[in-house]
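Note: the block below is work08.csv and it holds CSV, N, CA and C atoms.
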```csv
chain,number,residue,atom,x,y,z
W,71,LYS,N,0.8,-1.2,0.0
W,71,LYS,CA,0.0,0.0,0.0
W,71,LYS,C,0.9,1.3,0.0
W,72,LYS,N,2.1,1.1,0.4
W,72,LYS,CA,3.0,2.3,0.4
W,72,LYS,C,3.1,2.9,-1.0
W,73,PHE,N,3.0,2.2,-2.0
W,73,PHE,CA,3.1,2.7,-3.4
W,73,PHE,C,1.8,2.8,-4.1
W,74,GLY,N,0.7,2.6,-3.4
W,74,GLY,CA,-0.6,2.8,-3.9
W,74,GLY,C,-1.3,1.5,-4.4
W,75,VAL,N,-0.6,0.3,-4.2
W,75,VAL,CA,-1.1,-1.0,-4.5
W,75,VAL,C,-2.1,-1.4,-3.4
W,76,THR,N,-3.3,-1.7,-3.8
W,76,THR,CA,-4.3,-2.1,-2.8
W,76,THR,C,-4.6,-3.6,-2.9
W,77,ASP,N,-4.4,-4.2,-4.0
W,77,ASP,CA,-4.6,-5.6,-4.1
W,77,ASP,C,-3.6,-6.2,-5.1
W,78,PHE,N,-3.3,-7.5,-4.9
W,78,PHE,CA,-2.4,-8.3,-5.7
W,78,PHE,C,-3.1,-9.6,-6.1
W,79,VAL,N,-3.1,-9.9,-7.4
W,79,VAL,CA,-3.8,-11.1,-7.9
W,79,VAL,C,-2.7,-12.0,-8.5
W,80,ASN,N,-2.7,-13.2,-7.9
W,80,ASN,CA,-1.8,-14.3,-8.4
W,80,ASN,C,-2.6,-15.1,-9.4
W,81,SER,N,-2.2,-15.1,-10.6
W,81,SER,CA,-3.0,-15.8,-11.6
W,81,SER,C,-3.2,-17.3,-11.3
W,82,GLY,N,-2.2,-17.9,-10.6
W,82,GLY,CA,-2.3,-19.3,-10.2
W,82,GLY,C,-3.4,-19.6,-9.2
W,83,ASN,N,-3.9,-18.6,-8.6
W,83,ASN,CA,-5.0,-18.7,-7.5
W,83,ASN,C,-6.4,-18.3,-8.0
W,84,CYS,N,-6.6,-18.1,-9.3
W,84,CYS,CA,-7.8,-17.6,-9.8
W,84,CYS,C,-8.9,-18.7,-10.1
W,85,GLY,N,-8.5,-20.0,-9.9
W,85,GLY,CA,-9.4,-21.0,-10.2
W,85,GLY,C,-9.9,-21.1,-11.7
W,86,ASP,N,-11.2,-21.1,-11.9
W,86,ASP,CA,-11.7,-21.2,-13.3
W,86,ASP,C,-12.0,-19.8,-13.9
W,87,LYS,N,-11.7,-18.7,-13.1
W,87,LYS,CA,-11.9,-17.4,-13.6
W,87,LYS,C,-10.6,-16.9,-14.3
W,88,SER,N,-10.8,-15.9,-15.2
W,88,SER,CA,-9.6,-15.3,-15.8
W,88,SER,C,-9.2,-14.2,-14.8
W,89,VAL,N,-7.9,-13.7,-15.0
W,89,VAL,CA,-7.4,-12.6,-14.1
W,89,VAL,C,-8.3,-11.4,-14.2
W,90,SER,N,-8.7,-11.1,-15.4
W,90,SER,CA,-9.6,-9.9,-15.6
W,90,SER,C,-10.9,-10.0,-14.9
W,91,GLN,N,-11.5,-11.2,-14.9
W,91,GLN,CA,-12.7,-11.4,-14.1
W,91,GLN,C,-12.5,-11.2,-12.6
W,92,VAL,N,-11.4,-11.7,-12.1
W,92,VAL,CA,-11.1,-11.6,-10.7
W,92,VAL,C,-10.9,-10.1,-10.3
W,93,ILE,N,-10.2,-9.4,-11.2
W,93,ILE,CA,-9.9,-8.0,-10.9
W,93,ILE,C,-11.2,-7.2,-11.0
W,94,ASN,N,-12.1,-7.5,-12.0
W,94,ASN,CA,-13.3,-6.8,-12.1
W,94,ASN,C,-14.2,-7.0,-10.9
W,95,ASP,N,-14.2,-8.2,-10.4
W,95,ASP,CA,-14.9,-8.6,-9.1
W,95,ASP,C,-14.4,-7.8,-7.9
W,96,ILE,N,-13.0,-7.8,-7.8
W,96,ILE,CA,-12.4,-7.1,-6.6
W,96,ILE,C,-12.7,-5.6,-6.6
W,97,THR,N,-12.7,-5.0,-7.8
W,97,THR,CA,-12.8,-3.5,-7.9
W,97,THR,C,-14.2,-3.1,-8.2
W,98,GLY,N,-15.1,-4.0,-8.3
W,98,GLY,CA,-16.5,-3.6,-8.6
W,98,GLY,C,-16.7,-3.0,-10.0
W,99,GLY,N,-16.0,-3.5,-11.0
W,99,GLY,CA,-16.2,-3.0,-12.3
W,99,GLY,C,-14.9,-2.7,-13.1
W,100,GLY,N,-13.7,-2.9,-12.5
W,100,GLY,CA,-12.5,-2.7,-13.2
W,100,GLY,C,-11.6,-1.7,-12.6
W,101,ALA,N,-10.3,-1.8,-12.9
W,101,ALA,CA,-9.3,-0.9,-12.3
W,101,ALA,C,-9.2,0.3,-13.1
W,102,ASP,N,-8.9,1.4,-12.5
W,102,ASP,CA,-8.7,2.7,-13.2
W,102,ASP,C,-7.5,2.7,-14.1
W,103,TYR,N,-6.4,2.1,-13.6
W,103,TYR,CA,-5.2,2.0,-14.4
W,103,TYR,C,-4.7,0.5,-14.4
W,104,CYS,N,-4.3,0.0,-15.6
W,104,CYS,CA,-3.8,-1.3,-15.7
W,104,CYS,C,-2.5,-1.2,-16.5
W,105,PHE,N,-1.5,-1.9,-15.9
W,105,PHE,CA,-0.1,-1.8,-16.6
W,105,PHE,C,0.2,-3.2,-17.0
W,106,GLU,N,0.6,-3.4,-18.3
W,106,GLU,CA,1.1,-4.6,-18.8
W,106,GLU,C,2.6,-4.5,-19.0
W,107,CYS,N,3.3,-5.2,-18.2
W,107,CYS,CA,4.8,-5.1,-18.2
W,107,CYS,C,5.6,-6.3,-18.7
W,108,VAL,N,4.9,-7.3,-19.1
W,108,VAL,CA,5.6,-8.5,-19.5
W,108,VAL,C,5.9,-8.5,-21.0
W,109,GLY,N,5.0,-8.0,-21.8
W,109,GLY,CA,5.3,-8.0,-23.2
W,109,GLY,C,4.6,-9.1,-24.0
W,110,LEU,N,3.4,-9.5,-23.6
W,110,LEU,CA,2.6,-10.5,-24.4
W,110,LEU,C,1.3,-9.9,-24.8
W,111,ALA,N,1.0,-10.1,-26.1
W,111,ALA,CA,-0.3,-9.5,-26.6
W,111,ALA,C,-1.5,-10.0,-25.8
W,112,SER,N,-1.4,-11.3,-25.4
W,112,SER,CA,-2.6,-11.9,-24.6
W,112,SER,C,-2.7,-11.2,-23.3
W,113,LEU,N,-1.6,-10.7,-22.7
W,113,LEU,CA,-1.7,-10.0,-21.4
W,113,LEU,C,-2.2,-8.6,-21.6
W,114,VAL,N,-1.9,-8.0,-22.8
W,114,VAL,CA,-2.4,-6.6,-23.1
W,114,VAL,C,-3.9,-6.7,-23.1
W,115,GLN,N,-4.4,-7.7,-23.8
W,115,GLN,CA,-5.9,-7.9,-23.9
W,115,GLN,C,-6.5,-8.2,-22.6
W,116,GLU,N,-5.8,-8.9,-21.7
W,116,GLU,CA,-6.3,-9.2,-20.4
W,116,GLU,C,-6.3,-7.9,-19.5
W,117,ALA,N,-5.3,-7.1,-19.7
W,117,ALA,CA,-5.2,-5.8,-18.9
W,117,ALA,C,-6.3,-4.9,-19.4
W,118,TYR,N,-6.6,-4.8,-20.7
W,118,TYR,CA,-7.6,-4.0,-21.3
W,118,TYR,C,-9.0,-4.5,-20.8
W,119,ALA,N,-9.2,-5.8,-20.7
W,119,ALA,CA,-10.4,-6.4,-20.2
W,119,ALA,C,-10.7,-6.0,-18.8
W,120,CYS,N,-9.7,-5.8,-17.9
W,120,CYS,CA,-10.0,-5.6,-16.5
W,120,CYS,C,-9.9,-4.1,-16.2
W,121,CYS,N,-9.8,-3.3,-17.2
W,121,CYS,CA,-9.8,-1.8,-17.1
W,121,CYS,C,-11.2,-1.3,-17.0
W,122,ARG,N,-11.5,-0.3,-16.1
W,122,ARG,CA,-12.9,0.2,-15.9
W,122,ARG,C,-13.4,0.8,-17.1
W,123,LYS,N,-14.7,0.5,-17.4
W,123,LYS,CA,-15.4,1.1,-18.5
W,123,LYS,C,-15.7,2.5,-18.2
W,124,GLY,N,-15.5,3.4,-19.2
W,124,GLY,CA,-15.8,4.8,-19.1
W,124,GLY,C,-14.5,5.7,-19.0
W,125,TRP,N,-13.6,5.2,-18.2
W,125,TRP,CA,-12.4,6.1,-18.0
W,125,TRP,C,-11.1,5.3,-17.7
W,126,GLY,N,-11.1,4.0,-17.7
W,126,GLY,CA,-9.9,3.2,-17.4
W,126,GLY,C,-8.9,3.3,-18.5
W,127,LYS,N,-7.6,3.2,-18.0
W,127,LYS,CA,-6.5,3.3,-18.9
W,127,LYS,C,-5.6,2.1,-18.8
W,128,THR,N,-5.2,1.5,-19.9
W,128,THR,CA,-4.3,0.4,-20.0
W,128,THR,C,-3.0,0.9,-20.6
W,129,ILE,N,-1.9,0.8,-19.9
W,129,ILE,CA,-0.6,1.3,-20.3
W,129,ILE,C,0.3,0.1,-20.6
W,130,VAL,N,0.8,0.0,-21.8
W,130,VAL,CA,1.6,-1.1,-22.2
W,130,VAL,C,3.1,-0.7,-22.1
W,131,LEU,N,3.8,-1.4,-21.2
W,131,LEU,CA,5.2,-1.2,-21.0
W,131,LEU,C,6.1,-2.3,-21.5
W,132,GLY,N,5.6,-3.5,-21.5
W,132,GLY,CA,6.3,-4.7,-22.0
W,132,GLY,C,6.4,-4.7,-23.6
W,133,VAL,N,7.5,-5.3,-24.1
W,133,VAL,CA,7.7,-5.3,-25.5
W,133,VAL,C,7.6,-6.8,-26.0
W,134,ASP,N,6.6,-7.0,-26.9
W,134,ASP,CA,6.4,-8.3,-27.5
W,134,ASP,C,7.3,-8.5,-28.7
W,135,LYS,N,7.2,-9.7,-29.3
W,135,LYS,CA,8.0,-10.0,-30.5
W,135,LYS,C,7.6,-9.1,-31.6
W,136,PRO,N,8.5,-8.7,-32.5
W,136,PRO,CA,8.1,-7.9,-33.7
W,136,PRO,C,7.0,-8.6,-34.5
W,137,GLY,N,6.0,-7.9,-34.9
W,137,GLY,CA,4.9,-8.5,-35.7
W,137,GLY,C,3.7,-9.0,-34.8
W,138,SER,N,3.9,-9.0,-33.5
W,138,SER,CA,2.8,-9.5,-32.7
W,138,SER,C,1.6,-8.6,-32.8
W,139,LYS,N,0.4,-9.1,-32.8
W,139,LYS,CA,-0.8,-8.3,-33.0
W,139,LYS,C,-1.8,-8.5,-31.9
W,140,LEU,N,-2.5,-7.4,-31.6
W,140,LEU,CA,-3.6,-7.4,-30.6
W,140,LEU,C,-4.9,-7.7,-31.3
W,141,SER,N,-5.9,-8.3,-30.7
W,141,SER,CA,-7.2,-8.6,-31.3
W,141,SER,C,-8.3,-7.9,-30.4
W,142,LEU,N,-8.7,-6.7,-30.8
W,142,LEU,CA,-9.8,-6.1,-30.1
W,142,LEU,C,-10.9,-5.7,-31.1
W,143,THR,N,-12.1,-5.9,-30.8
W,143,THR,CA,-13.2,-5.6,-31.7
W,143,THR,C,-13.4,-4.1,-31.7
W,144,SER,N,-14.0,-3.6,-32.8
W,144,SER,CA,-14.3,-2.2,-32.9
W,144,SER,C,-15.3,-1.8,-31.8
W,145,TYR,N,-16.3,-2.7,-31.6
W,145,TYR,CA,-17.3,-2.5,-30.6
W,145,TYR,C,-16.7,-2.3,-29.2
W,146,GLU,N,-15.7,-3.1,-28.9
W,146,GLU,CA,-15.0,-3.1,-27.6
W,146,GLU,C,-14.3,-1.7,-27.4
W,147,VAL,N,-13.7,-1.3,-28.5
W,147,VAL,CA,-12.9,0.0,-28.4
W,147,VAL,C,-13.9,1.2,-28.4
W,148,LEU,N,-14.9,1.2,-29.3
W,148,LEU,CA,-15.7,2.4,-29.4
W,148,LEU,C,-16.7,2.5,-28.2
W,149,HIS,N,-17.2,1.4,-27.7
W,149,HIS,CA,-18.2,1.5,-26.7
W,149,HIS,C,-17.8,1.4,-25.2
W,150,SER,N,-16.5,1.1,-25.0
W,150,SER,CA,-16.0,0.9,-23.7
W,150,SER,C,-15.6,2.2,-23.0
W,151,GLY,N,-15.1,3.2,-23.8
W,151,GLY,CA,-14.6,4.5,-23.2
W,151,GLY,C,-13.3,4.3,-22.5
W,152,LYS,N,-12.6,3.2,-22.8
W,152,LYS,CA,-11.3,3.0,-22.2
W,152,LYS,C,-10.2,3.5,-23.1
W,153,THR,N,-9.0,3.7,-22.5
W,153,THR,CA,-7.8,4.1,-23.3
W,153,THR,C,-6.8,3.1,-23.2
W,154,LEU,N,-6.1,2.8,-24.4
W,154,LEU,CA,-5.0,1.9,-24.5
W,154,LEU,C,-3.9,2.7,-25.1
W,155,MET,N,-2.7,2.7,-24.3
W,155,MET,CA,-1.6,3.4,-24.8
W,155,MET,C,-0.3,2.7,-24.5
W,156,GLY,N,0.7,3.0,-25.2
W,156,GLY,CA,2.1,2.5,-24.9
W,156,GLY,C,2.9,3.5,-24.3
W,157,SER,N,3.9,3.1,-23.6
W,157,SER,CA,4.8,4.0,-22.9
W,157,SER,C,6.3,3.5,-23.0
W,158,LEU,N,6.9,3.9,-24.1
W,158,LEU,CA,8.3,3.5,-24.3
W,158,LEU,C,9.2,4.3,-23.5
W,159,PHE,N,10.0,3.6,-22.6
W,159,PHE,CA,10.9,4.3,-21.7
W,159,PHE,C,10.2,5.3,-20.8
W,160,GLY,N,9.0,5.0,-20.5
W,160,GLY,CA,8.2,5.9,-19.6
W,160,GLY,C,7.9,7.3,-20.1
W,161,GLY,N,8.0,7.4,-21.4
W,161,GLY,CA,7.8,8.7,-22.1
W,161,GLY,C,9.0,9.6,-22.0
W,162,LEU,N,10.1,9.1,-21.6
W,162,LEU,CA,11.4,9.8,-21.6
W,162,LEU,C,11.8,10.3,-22.9
W,163,LYS,N,12.2,11.6,-23.0
W,163,LYS,CA,12.7,12.2,-24.3
W,163,LYS,C,14.2,12.3,-24.1
W,164,ALA,N,14.9,11.3,-24.6
W,164,ALA,CA,16.3,11.1,-24.4
W,164,ALA,C,17.2,12.4,-24.6
W,165,LYS,N,16.9,13.1,-25.7
W,165,LYS,CA,17.7,14.2,-26.1
W,165,LYS,C,17.6,15.4,-25.0
W,166,SER,N,16.5,15.6,-24.5
W,166,SER,CA,16.3,16.7,-23.5
W,166,SER,C,16.3,16.2,-22.1
W,167,ASP,N,15.8,15.0,-21.8
W,167,ASP,CA,15.6,14.6,-20.4
W,167,ASP,C,16.9,14.0,-19.8
W,168,ILE,N,17.7,13.3,-20.5
W,168,ILE,CA,18.9,12.6,-20.0
W,168,ILE,C,19.9,13.7,-19.4
W,169,PRO,N,20.2,14.8,-20.2
W,169,PRO,CA,21.0,15.8,-19.6
W,169,PRO,C,20.5,16.4,-18.3
W,170,ILE,N,19.2,16.6,-18.2
W,170,ILE,CA,18.6,17.1,-17.0
W,170,ILE,C,18.8,16.1,-15.8
W,171,LEU,N,18.5,14.8,-16.1
W,171,LEU,CA,18.7,13.8,-15.1
W,171,LEU,C,20.1,13.7,-14.6
W,172,LEU,N,21.1,13.7,-15.6
W,172,LEU,CA,22.5,13.6,-15.2
W,172,LEU,C,22.9,14.8,-14.3
W,173,LYS,N,22.4,16.0,-14.7
W,173,LYS,CA,22.8,17.2,-13.8
W,173,LYS,C,22.2,17.0,-12.4
W,174,ARG,N,20.9,16.6,-12.3
W,174,ARG,CA,20.3,16.4,-11.0
W,174,ARG,C,21.1,15.4,-10.2
W,175,TYR,N,21.5,14.3,-10.9
W,175,TYR,CA,22.3,13.3,-10.2
W,175,TYR,C,23.7,13.8,-9.7
W,176,ALA,N,24.3,14.6,-10.6
W,176,ALA,CA,25.6,15.2,-10.2
W,176,ALA,C,25.5,16.2,-9.1
W,177,ASP,N,24.3,16.9,-9.1
W,177,ASP,CA,24.1,17.9,-8.0
W,177,ASP,C,23.5,17.2,-6.7
W,178,LYS,N,23.4,15.8,-6.7
W,178,LYS,CA,22.9,15.0,-5.6
W,178,LYS,C,21.5,15.4,-5.3
W,179,VAL,N,20.7,15.8,-6.3
W,179,VAL,CA,19.3,16.0,-6.1
W,179,VAL,C,18.5,14.7,-6.1
W,180,ILE,N,19.0,13.8,-7.0
W,180,ILE,CA,18.4,12.5,-7.1
W,180,ILE,C,19.4,11.4,-6.8
```

Conversion result in structure tokens:
Amino acid sequence: KKFGVTDFVNSGNCGDKSVSQVINDITGGGADYCFECVGLASLVQEAYACCRKGWGKTIVLGVDKPGSKLSLTSYEVLHSGKTLMGSLFGGLKAKSDIPILLKRYADKVI
């Protein structure tokens, strides 16, 4: 809870339910933010499925094999009100951000 995590789901303990079903049950409709960090298309779809309808965001951090494809229906995307986005290197802009981080590190700020 120190970092904002309120629940943890072990996929091995879900029984006959999918992880997304368990998360939707725990949260009463889905999580506000879902992060996929492994890099598997099937897990991106699972994260999207457990994201709250209306405003939930799924952020993809993991990198899958080149050419891997997601399978989402247009109905699912248009009518869910969810957001699916990628975040390569956390949105870091190497040319401008790395010099700033290096200076902060040298100045013992971070």

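For the pair CA of Val114 in chain W and CA of Gly161 in chain W, the interatomic distance is 18.4 Å.
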
Quiz item: When distances are computed from only C-alpha atoms, which of W:Lys135, W:Lys178, W:Lys87, W:Arg122 shows the smallest separation from Lys152 in chain W?
Solution: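 So, comparing all the options, the nearest one is W:Arg122.
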
Exercise. List every protein, DNA or RNA residue that has an atom no more than 12 Å from (-0.9, -12.5, -23.2) in the file's coordinate frame, counting only C-alpha atoms, and report them as a PyMOL selection string.
Key: chain W and resi 88-90+106-119+130+132-135+138-141

Kindly export the residues of the current selection with N, CA and C atoms, as a CSV table (one decimal), in the coordinates of the input.
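New file out_0.csv:
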```
chain,number,residue,atom,x,y,z
W,88,SER,N,-10.8,-15.9,-15.2
W,88,SER,CA,-9.6,-15.3,-15.8
W,88,SER,C,-9.2,-14.2,-14.8
W,89,VAL,N,-7.9,-13.7,-15.0
W,89,VAL,CA,-7.4,-12.6,-14.1
W,89,VAL,C,-8.3,-11.4,-14.2
W,90,SER,N,-8.7,-11.1,-15.4
W,90,SER,CA,-9.6,-9.9,-15.6
W,90,SER,C,-10.9,-10.0,-14.9
W,106,GLU,N,0.6,-3.4,-18.3
W,106,GLU,CA,1.1,-4.6,-18.8
W,106,GLU,C,2.6,-4.5,-19.0
W,107,CYS,N,3.3,-5.2,-18.2
W,107,CYS,CA,4.8,-5.1,-18.2
W,107,CYS,C,5.6,-6.3,-18.7
W,108,VAL,N,4.9,-7.3,-19.1
W,108,VAL,CA,5.6,-8.5,-19.5
W,108,VAL,C,5.9,-8.5,-21.0
W,109,GLY,N,5.0,-8.0,-21.8
W,109,GLY,CA,5.3,-8.0,-23.2
W,109,GLY,C,4.6,-9.1,-24.0
W,110,LEU,N,3.4,-9.5,-23.6
W,110,LEU,CA,2.6,-10.5,-24.4
W,110,LEU,C,1.3,-9.9,-24.8
W,111,ALA,N,1.0,-10.1,-26.1
W,111,ALA,CA,-0.3,-9.5,-26.6
W,111,ALA,C,-1.5,-10.0,-25.8
W,112,SER,N,-1.4,-11.3,-25.4
W,112,SER,CA,-2.6,-11.9,-24.6
W,112,SER,C,-2.7,-11.2,-23.3
W,113,LEU,N,-1.6,-10.7,-22.7
W,113,LEU,CA,-1.7,-10.0,-21.4
W,113,LEU,C,-2.2,-8.6,-21.6
W,114,VAL,N,-1.9,-8.0,-22.8
W,114,VAL,CA,-2.4,-6.6,-23.1
W,114,VAL,C,-3.9,-6.7,-23.1
W,115,GLN,N,-4.4,-7.7,-23.8
W,115,GLN,CA,-5.9,-7.9,-23.9
W,115,GLN,C,-6.5,-8.2,-22.6
W,116,GLU,N,-5.8,-8.9,-21.7
W,116,GLU,CA,-6.3,-9.2,-20.4
W,116,GLU,C,-6.3,-7.9,-19.5
W,117,ALA,N,-5.3,-7.1,-19.7
W,117,ALA,CA,-5.2,-5.8,-18.9
W,117,ALA,C,-6.3,-4.9,-19.4
W,118,TYR,N,-6.6,-4.8,-20.7
W,118,TYR,CA,-7.6,-4.0,-21.3
W,118,TYR,C,-9.0,-4.5,-20.8
W,119,ALA,N,-9.2,-5.8,-20.7
W,119,ALA,CA,-10.4,-6.4,-20.2
W,119,ALA,C,-10.7,-6.0,-18.8
W,130,VAL,N,0.8,0.0,-21.8
W,130,VAL,CA,1.6,-1.1,-22.2
W,130,VAL,C,3.1,-0.7,-22.1
W,132,GLY,N,5.6,-3.5,-21.5
W,132,GLY,CA,6.3,-4.7,-22.0
W,132,GLY,C,6.4,-4.7,-23.6
W,133,VAL,N,7.5,-5.3,-24.1
W,133,VAL,CA,7.7,-5.3,-25.5
W,133,VAL,C,7.6,-6.8,-26.0
W,134,ASP,N,6.6,-7.0,-26.9
W,134,ASP,CA,6.4,-8.3,-27.5
W,134,ASP,C,7.3,-8.5,-28.7
W,135,LYS,N,7.2,-9.7,-29.3
W,135,LYS,CA,8.0,-10.0,-30.5
W,135,LYS,C,7.6,-9.1,-31.6
W,138,SER,N,3.9,-9.0,-33.5
W,138,SER,CA,2.8,-9.5,-32.7
W,138,SER,C,1.6,-8.6,-32.8
W,139,LYS,N,0.4,-9.1,-32.8
W,139,LYS,CA,-0.8,-8.3,-33.0
W,139,LYS,C,-1.8,-8.5,-31.9
W,140,LEU,N,-2.5,-7.4,-31.6
W,140,LEU,CA,-3.6,-7.4,-30.6
W,140,LEU,C,-4.9,-7.7,-31.3
W,141,SER,N,-5.9,-8.3,-30.7
W,141,SER,CA,-7.2,-8.6,-31.3
W,141,SER,C,-8.3,-7.9,-30.4
```

Practice problem: Could you give me, as a list of chain:residue names, the residues within 5 Å of Cys104 in chain W, counting all atoms listed in the file and dropping anything in the same chain fewer than 2 positions from it? | Solution: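 In the requested format, the answer is W:Asp102, W:Glu106, W:Lys127, W:Thr128, W:Ile129.
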
Self-check item: DSSP alpha helix (DSSP H) residues within chain W, listed as a VMD selection string
Solution: chain W and resid 89 to 97 111 to 119 144 to 150 164 to 176

Exercise. Provide the CA of Val75 in chain W to CA of His149 in chain W distance in Å, to one decimal place.
Key: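 CA of Val75 in chain W sits 28.1 Å away from CA of His149 in chain W.
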
Self-check item: Two-atom distance - CA of Gln91 in chain W, CA of Ser157 in chain W (Å)
Solution: 24.9 Å

If I only have part of range 96-104 of chain W, can you fill in all heavy atoms and write it as a PDB file, in the coordinates of the input?
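In the end it all went to part29.pdb:
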```
ATOM      1  N   ILE W  96     -13.000  -7.800  -7.800  1.00  0.00           N
ATOM      2  CA  ILE W  96     -12.400  -7.100  -6.600  1.00  0.00           C
ATOM      3  C   ILE W  96     -12.700  -5.600  -6.600  1.00  0.00           C
ATOM      4  O   ILE W  96     -12.992  -5.013  -5.603  1.00  0.00           O
ATOM      5  CB  ILE W  96     -10.881  -7.316  -6.626  1.00  0.00           C
ATOM      6  CG1 ILE W  96     -10.528  -8.767  -6.298  1.00  0.00           C
ATOM      7  CG2 ILE W  96     -10.178  -6.365  -5.659  1.00  0.00           C
ATOM      8  CD1 ILE W  96      -9.051  -9.097  -6.499  1.00  0.00           C
ATOM      9  N   THR W  97     -12.700  -5.000  -7.800  1.00  0.00           N
ATOM     10  CA  THR W  97     -12.800  -3.500  -7.900  1.00  0.00           C
ATOM     11  C   THR W  97     -14.200  -3.100  -8.200  1.00  0.00           C
ATOM     12  O   THR W  97     -14.448  -1.873  -8.203  1.00  0.00           O
ATOM     13  CB  THR W  97     -11.897  -3.039  -9.094  1.00  0.00           C
ATOM     14  OG1 THR W  97     -12.331  -3.667 -10.313  1.00  0.00           O
ATOM     15  CG2 THR W  97     -10.432  -3.308  -8.848  1.00  0.00           C
ATOM     16  N   GLY W  98     -15.100  -4.000  -8.300  1.00  0.00           N
ATOM     17  CA  GLY W  98     -16.500  -3.600  -8.600  1.00  0.00           C
ATOM     18  C   GLY W  98     -16.700  -3.000 -10.000  1.00  0.00           C
ATOM     19  O   GLY W  98     -17.453  -2.044 -10.140  1.00  0.00           O
ATOM     20  N   GLY W  99     -16.000  -3.500 -11.000  1.00  0.00           N
ATOM     21  CA  GLY W  99     -16.200  -3.000 -12.300  1.00  0.00           C
ATOM     22  C   GLY W  99     -14.900  -2.700 -13.100  1.00  0.00           C
ATOM     23  O   GLY W  99     -14.936  -2.395 -14.275  1.00  0.00           O
ATOM     24  N   GLY W 100     -13.700  -2.900 -12.500  1.00  0.00           N
ATOM     25  CA  GLY W 100     -12.500  -2.700 -13.200  1.00  0.00           C
ATOM     26  C   GLY W 100     -11.600  -1.700 -12.600  1.00  0.00           C
ATOM     27  O   GLY W 100     -12.001  -0.853 -11.830  1.00  0.00           O
ATOM     28  N   ALA W 101     -10.300  -1.800 -12.900  1.00  0.00           N
ATOM     29  CA  ALA W 101      -9.300  -0.900 -12.300  1.00  0.00           C
ATOM     30  C   ALA W 101      -9.200   0.300 -13.100  1.00  0.00           C
ATOM     31  O   ALA W 101      -9.491   0.357 -14.325  1.00  0.00           O
ATOM     32  CB  ALA W 101      -7.921  -1.628 -12.315  1.00  0.00           C
ATOM     33  N   ASP W 102      -8.900   1.400 -12.500  1.00  0.00           N
ATOM     34  CA  ASP W 102      -8.700   2.700 -13.200  1.00  0.00           C
ATOM     35  C   ASP W 102      -7.500   2.700 -14.100  1.00  0.00           C
ATOM     36  O   ASP W 102      -7.510   3.249 -15.173  1.00  0.00           O
ATOM     37  CB  ASP W 102      -8.596   3.865 -12.173  1.00  0.00           C
ATOM     38  CG  ASP W 102      -9.880   4.091 -11.398  1.00  0.00           C
ATOM     39  OD1 ASP W 102     -10.962   3.718 -11.897  1.00  0.00           O
ATOM     40  OD2 ASP W 102      -9.808   4.645 -10.288  1.00  0.00           O
ATOM     41  N   TYR W 103      -6.400   2.100 -13.600  1.00  0.00           N
ATOM     42  CA  TYR W 103      -5.200   2.000 -14.400  1.00  0.00           C
ATOM     43  C   TYR W 103      -4.700   0.500 -14.400  1.00  0.00           C
ATOM     44  O   TYR W 103      -4.614  -0.108 -13.328  1.00  0.00           O
ATOM     45  CB  TYR W 103      -4.071   2.845 -13.784  1.00  0.00           C
ATOM     46  CG  TYR W 103      -4.402   4.308 -13.844  1.00  0.00           C
ATOM     47  CD1 TYR W 103      -5.018   4.946 -12.773  1.00  0.00           C
ATOM     48  CD2 TYR W 103      -4.099   5.057 -14.977  1.00  0.00           C
ATOM     49  CE1 TYR W 103      -5.333   6.286 -12.829  1.00  0.00           C
ATOM     50  CE2 TYR W 103      -4.410   6.400 -15.040  1.00  0.00           C
ATOM     51  CZ  TYR W 103      -5.026   7.014 -13.964  1.00  0.00           C
ATOM     52  OH  TYR W 103      -5.343   8.341 -14.029  1.00  0.00           O
ATOM     53  N   CYS W 104      -4.300   0.000 -15.600  1.00  0.00           N
ATOM     54  CA  CYS W 104      -3.800  -1.300 -15.700  1.00  0.00           C
ATOM     55  C   CYS W 104      -2.500  -1.200 -16.500  1.00  0.00           C
ATOM     56  O   CYS W 104      -2.431  -0.586 -17.509  1.00  0.00           O
ATOM     57  CB  CYS W 104      -4.756  -2.240 -16.461  1.00  0.00           C
ATOM     58  SG  CYS W 104      -6.335  -2.458 -15.646  1.00  0.00           S
TER      59      CYS W 104
END
```
